[in-house]
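What follows is one structure encoded as structure tokens, with my remarks underneath.
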Amino acid sequence: MNQLKIDLGAQLPPGVDYPEIGLEDSFSFQCQGCGDCCRKRSDIVLSGYDLYRICCRFALPSQMVIDAFCQSYIGAATRLPVIRLKPRRDNGNCPFLTAESNCAIHSHKPLVCALYPLGQSIDFEPGADPSDPKIRRRCIHYFAQDTGCSGHRVTLTLREYLDSFSILEREELDLRWARDCLALSSRVRALEKRLRPIEIKYLHRKTLRALYLDYDFHEDFAPQYDRNIAQLEETLCKLEGDKTYKKEDVT
Ligand code: SF4
Ligand code: SF4
């Protein structure tokens, strides 16, 4: 089984076991709304759907949102494009943290932010169908992180918390994203070993467009994602067909 651990931006102490929370289980956390968890952050990574939602919030195209608020680079390990929120130059805070310590995109904040102080991990089962709710319950796990914060204590069930940010509604997309990125990463890393630099650049651009750029915020995300992944598949097959593709080269 391939396990894909999703980094939620919280530094989890190694060796600490975080018990899983069931949907109807209650958990508590304390928060005084100081906004410190949004300061000095350079680890808020966006999925394609996260970026699309921010585009919807501002009614701006993807490239414009990336230029204004994000950093874009190729991940050293995955060899896939990474888009993360760009900290402000003057104080290192998230660009969406307001002077009043609120989130300017609260209703459209990225998954990692919406989940906090929860963590999420995905145990991906090869061949599993993300549209099946039972599969999602088996693959996606939630756990509570100790924020060490004081302030107002909130107690609620996991379902209530996830519903408050419509996280259950996006689980299928998030699971598909995890599945597709895992598979894509293997293929891109294998191709990079045999393509010329100009072809690798082309591949990276195609991947960035499919995962992040080629979306119209006036249209639903899912059909556009399906179309982009199908087009990227064609590109990958062509590039793999042009070269001698050996599976054992994938590490
Ligand atoms: S979780 Fe903690 S750091 Fe974040 S706003 Fe609440 S009190 Fe502040
Ligand atoms: S997007 Fe909102 S919640 Fe997330 S780090 Fe920025 S200000 Fe905080």
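Residues in the structure tokens are numbered from 1 in each chain, the chains being A, B, ... in the order shown, and ligands are numbered from 1 in the order shown.
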Please, which residues have at least one atom within 12 Å of an atom of ligand 1, using only C-alpha atoms and all ligand atoms, listed as a PyMOL selection string?
chain A and resi 10+28-41+97+100-103+113-118+145-154
Please return as a PyMOL selection string: the residues of segment 28-190 of chain A that backbone DSSP assigns to strand (DSSP E or B).
chain A and resi 28-31+45-46+70-74+81-85+97+103+118-124+140-144+152-157
So that I have them on file, write out the residues from the current selection with C-alpha atoms, as a compact mmCIF listing (two decimals), in the first residue's frame.
# COMPACT_ATOMS: atom_id res chain seq x y z
CA SER A 28 -11.37 19.84 21.70
CA PHE A 29 -8.95 22.63 21.03
CA GLN A 30 -8.29 26.08 22.44
CA CYS A 31 -7.87 29.25 20.40
CA VAL A 45 1.07 24.48 -0.10
CA LEU A 46 -1.95 24.65 -2.42
CA CYS A 70 2.24 32.58 -4.47
CA GLN A 71 5.62 31.04 -5.18
CA SER A 72 5.94 28.38 -7.83
CA TYR A 73 8.74 25.84 -8.22
CA ILE A 74 9.40 22.19 -9.03
CA PRO A 81 5.05 21.81 -9.66
CA VAL A 82 4.51 23.19 -6.17
CA ILE A 83 2.45 26.30 -5.54
CA ARG A 84 2.62 27.78 -2.07
CA LEU A 85 1.47 31.02 -0.52
CA LEU A 97 -3.58 37.69 7.16
CA CYS A 103 -8.04 35.51 7.29
CA LEU A 118 -6.61 18.82 12.69
CA GLY A 119 -4.19 16.82 10.61
CA GLN A 120 -5.12 14.62 7.68
CA SER A 121 -3.30 11.63 6.24
CA ILE A 122 -4.16 9.48 3.26
CA ASP A 123 -3.45 5.76 3.01
CA PHE A 124 -3.96 5.34 -0.69
CA ILE A 140 -8.60 9.36 4.65
CA HIS A 141 -7.73 9.75 8.32
CA TYR A 142 -7.97 12.71 10.65
CA PHE A 143 -6.13 13.33 13.87
CA ALA A 144 -5.89 16.23 16.34
CA HIS A 152 -11.64 29.77 24.18
CA ARG A 153 -12.15 26.00 24.31
CA VAL A 154 -14.11 24.51 21.41
CA THR A 155 -15.51 20.98 21.59
CA LEU A 156 -17.29 19.38 18.65
CA THR A 157 -17.43 16.23 16.62
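Residues lying within 12 Å of Ser164 of chain A, counting only C-alpha atoms and ignoring same-chain neighbours fewer than 3 positions away, are His106, Ser107, His108, Ala114, Leu115, Leu156, Thr157, Leu158, Arg159, Glu160, Tyr161, Ile167, Leu168 and Glu169 of chain A.
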Between A:Leu51, A:Leu208, A:Leu23, A:Cys94, which is the closest to ligand 2 once you count only C-alpha atoms and all ligand atoms?
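That would be A:Cys94, the residue with the smallest distance to ligand 2.
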Determine, counting only C-alpha atoms, which protein, DNA and RNA residues have an atom within 8 Å of an atom of segment 211-226 of chain A; residues of the same chain fewer than 2 positions away are not included. Present the result as a list in words.
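Close residues of segment 211-226 of chain A: Ser47, Gly48, Tyr49, Leu51, Tyr52, Arg53, Cys55, Cys56, Ala59, Leu60, Pro61, Ser62, Gln63, Leu173, Thr207, Leu208, Arg209, Asn228, Ile229 and Ala230 of chain A.
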Selection above as a file: N, CA and C atoms, as a PDB file, in the first residue's frame:
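As a result, result.pdb now contains:
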ATOM      1  N   SER A  47      -3.249  22.829  -3.305  1.00  0.00           N
ATOM      2  CA  SER A  47      -3.618  21.875  -4.360  1.00  0.00           C
ATOM      3  C   SER A  47      -4.224  22.692  -5.503  1.00  0.00           C
ATOM      4  N   GLY A  48      -4.470  22.034  -6.624  1.00  0.00           N
ATOM      5  CA  GLY A  48      -5.116  22.729  -7.733  1.00  0.00           C
ATOM      6  C   GLY A  48      -6.477  23.275  -7.334  1.00  0.00           C
ATOM      7  N   TYR A  49      -7.197  22.510  -6.534  1.00  0.00           N
ATOM      8  CA  TYR A  49      -8.531  22.945  -6.105  1.00  0.00           C
ATOM      9  C   TYR A  49      -8.431  24.124  -5.135  1.00  0.00           C
ATOM     10  N   LEU A  51      -6.127  26.427  -5.211  1.00  0.00           N
ATOM     11  CA  LEU A  51      -5.845  27.612  -6.029  1.00  0.00           C
ATOM     12  C   LEU A  51      -7.109  28.069  -6.764  1.00  0.00           C
ATOM     13  N   TYR A  52      -7.837  27.123  -7.313  1.00  0.00           N
ATOM     14  CA  TYR A  52      -9.077  27.445  -8.032  1.00  0.00           C
ATOM     15  C   TYR A  52     -10.059  28.199  -7.121  1.00  0.00           C
ATOM     16  N   ARG A  53     -10.157  27.738  -5.866  1.00  0.00           N
ATOM     17  CA  ARG A  53     -11.091  28.396  -4.936  1.00  0.00           C
ATOM     18  C   ARG A  53     -10.659  29.833  -4.625  1.00  0.00           C
ATOM     19  N   CYS A  55      -8.982  31.696  -6.714  1.00  0.00           N
ATOM     20  CA  CYS A  55      -9.323  32.414  -7.956  1.00  0.00           C
ATOM     21  C   CYS A  55     -10.795  32.815  -7.948  1.00  0.00           C
ATOM     22  N   CYS A  56     -11.661  31.902  -7.508  1.00  0.00           N
ATOM     23  CA  CYS A  56     -13.102  32.208  -7.424  1.00  0.00           C
ATOM     24  C   CYS A  56     -13.338  33.350  -6.447  1.00  0.00           C
ATOM     25  N   ALA A  59     -12.162  36.391  -8.213  1.00  0.00           N
ATOM     26  CA  ALA A  59     -12.552  36.481  -9.629  1.00  0.00           C
ATOM     27  C   ALA A  59     -11.356  36.872 -10.491  1.00  0.00           C
ATOM     28  N   LEU A  60     -10.254  36.162 -10.260  1.00  0.00           N
ATOM     29  CA  LEU A  60      -9.022  36.414 -11.014  1.00  0.00           C
ATOM     30  C   LEU A  60      -8.527  35.105 -11.629  1.00  0.00           C
ATOM     31  N   PRO A  61      -7.856  35.170 -12.784  1.00  0.00           N
ATOM     32  CA  PRO A  61      -7.305  33.945 -13.367  1.00  0.00           C
ATOM     33  C   PRO A  61      -6.122  33.406 -12.551  1.00  0.00           C
ATOM     34  N   SER A  62      -5.849  32.110 -12.741  1.00  0.00           N
ATOM     35  CA  SER A  62      -4.842  31.416 -11.922  1.00  0.00           C
ATOM     36  C   SER A  62      -3.479  32.111 -11.959  1.00  0.00           C
ATOM     37  N   GLN A  63      -3.023  32.440 -13.160  1.00  0.00           N
ATOM     38  CA  GLN A  63      -1.678  33.002 -13.262  1.00  0.00           C
ATOM     39  C   GLN A  63      -1.569  34.310 -12.486  1.00  0.00           C
ATOM     40  N   LEU A 173     -12.370  14.947  -4.397  1.00  0.00           N
ATOM     41  CA  LEU A 173     -11.372  15.664  -5.208  1.00  0.00           C
ATOM     42  C   LEU A 173      -9.983  15.561  -4.583  1.00  0.00           C
ATOM     43  N   THR A 207       2.583  20.012 -17.059  1.00  0.00           N
ATOM     44  CA  THR A 207       2.086  19.539 -15.761  1.00  0.00           C
ATOM     45  C   THR A 207       1.526  20.703 -14.949  1.00  0.00           C
ATOM     46  N   LEU A 208       2.242  21.821 -14.962  1.00  0.00           N
ATOM     47  CA  LEU A 208       1.759  23.009 -14.243  1.00  0.00           C
ATOM     48  C   LEU A 208       0.412  23.461 -14.796  1.00  0.00           C
ATOM     49  N   ARG A 209       0.290  23.445 -16.106  1.00  0.00           N
ATOM     50  CA  ARG A 209      -0.971  23.880 -16.713  1.00  0.00           C
ATOM     51  C   ARG A 209      -2.114  22.932 -16.338  1.00  0.00           C
ATOM     52  N   ASN A 228      -8.132  18.181 -18.097  1.00  0.00           N
ATOM     53  CA  ASN A 228      -6.695  18.474 -18.038  1.00  0.00           C
ATOM     54  C   ASN A 228      -5.860  17.228 -17.789  1.00  0.00           C
ATOM     55  N   ILE A 229      -6.364  16.349 -16.904  1.00  0.00           N
ATOM     56  CA  ILE A 229      -5.611  15.122 -16.609  1.00  0.00           C
ATOM     57  C   ILE A 229      -5.597  14.221 -17.847  1.00  0.00           C
ATOM     58  N   ALA A 230      -6.715  14.182 -18.589  1.00  0.00           N
ATOM     59  CA  ALA A 230      -6.755  13.356 -19.811  1.00  0.00           C
ATOM     60  C   ALA A 230      -5.774  13.900 -20.851  1.00  0.00           C
TER      61      ALA A 230
END
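Distances to Asp43 of chain A were evaluated for A:Glu233, A:Pro110, A:Lys238, A:Leu175 using only C-alpha atoms, and the minimum falls at A:Pro110.
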Segment 148-231 of chain A near segment 130-133 of chain A within 9 Å: what's each residue's closest atom pair and its distance in Å to one decimal, counting only C-alpha atoms, ordered by chain then ascending residue number, as a tab-separated table?
residue	atom	partner	partner_atom	distance
A:Glu171	CA	A:Pro130	CA	8.2
A:Glu172	CA	A:Pro130	CA	5.3
A:Leu173	CA	A:Pro130	CA	7.7
A:Asp174	CA	A:Pro130	CA	8.7
A:Leu175	CA	A:Pro130	CA	5.9
A:Arg176	CA	A:Pro130	CA	6.0
A:Arg179	CA	A:Pro130	CA	8.8
Option closest in space to ligand 2, from A:Ala104, A:Thr78, A:Ala99, A:Asp90 [counting only C-alpha atoms and all ligand atoms]
A:Ala104
Taking 6 positions as the minimum chain separation for residues in the same chain, which residues sit within 12 Å of Glu199 of chain A when counting only C-alpha atoms? Answer as number ranges by chain.
A: 188, 191-193, 205-206, 235-236, 238-240, 242-243
When you draw a straight line from atom CA of Ile135 of chain A to atom CA of Ser186 of chain A, how long is it in Å?
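Those two atoms sit 23.2 Å apart.
You can rank A:Gln231, A:Ser185, A:Ser42, A:Asn91 by their closest distance to ligand 2 using only C-alpha atoms and all ligand atoms, and at the top of that list sits A:Ser42.
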Shortest contact to Ile44 of chain A, candidates A:Ile200, A:Ala178, A:Thr98, A:Lys109, atoms counted only C-alpha atoms, goes to A:Lys109
Distance of atom CA of Phe165 of chain A from atom CA of Arg89 of chain A, expressed in Å to one decimal place
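Atom-to-atom, atom CA of Arg89 of chain A and atom CA of Phe165 of chain A are spaced 29.2 Å apart.
Relative to atom CA of Arg189 of chain A, atom CA of Ala77 of chain A is found at 8.9 Å.
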From the set A:Asn93, A:Ile66, A:Leu80, A:Leu203, which residue has the shortest atom-to-atom contact distance to ligand 2, counting only C-alpha atoms and all ligand atoms?
A:Asn93
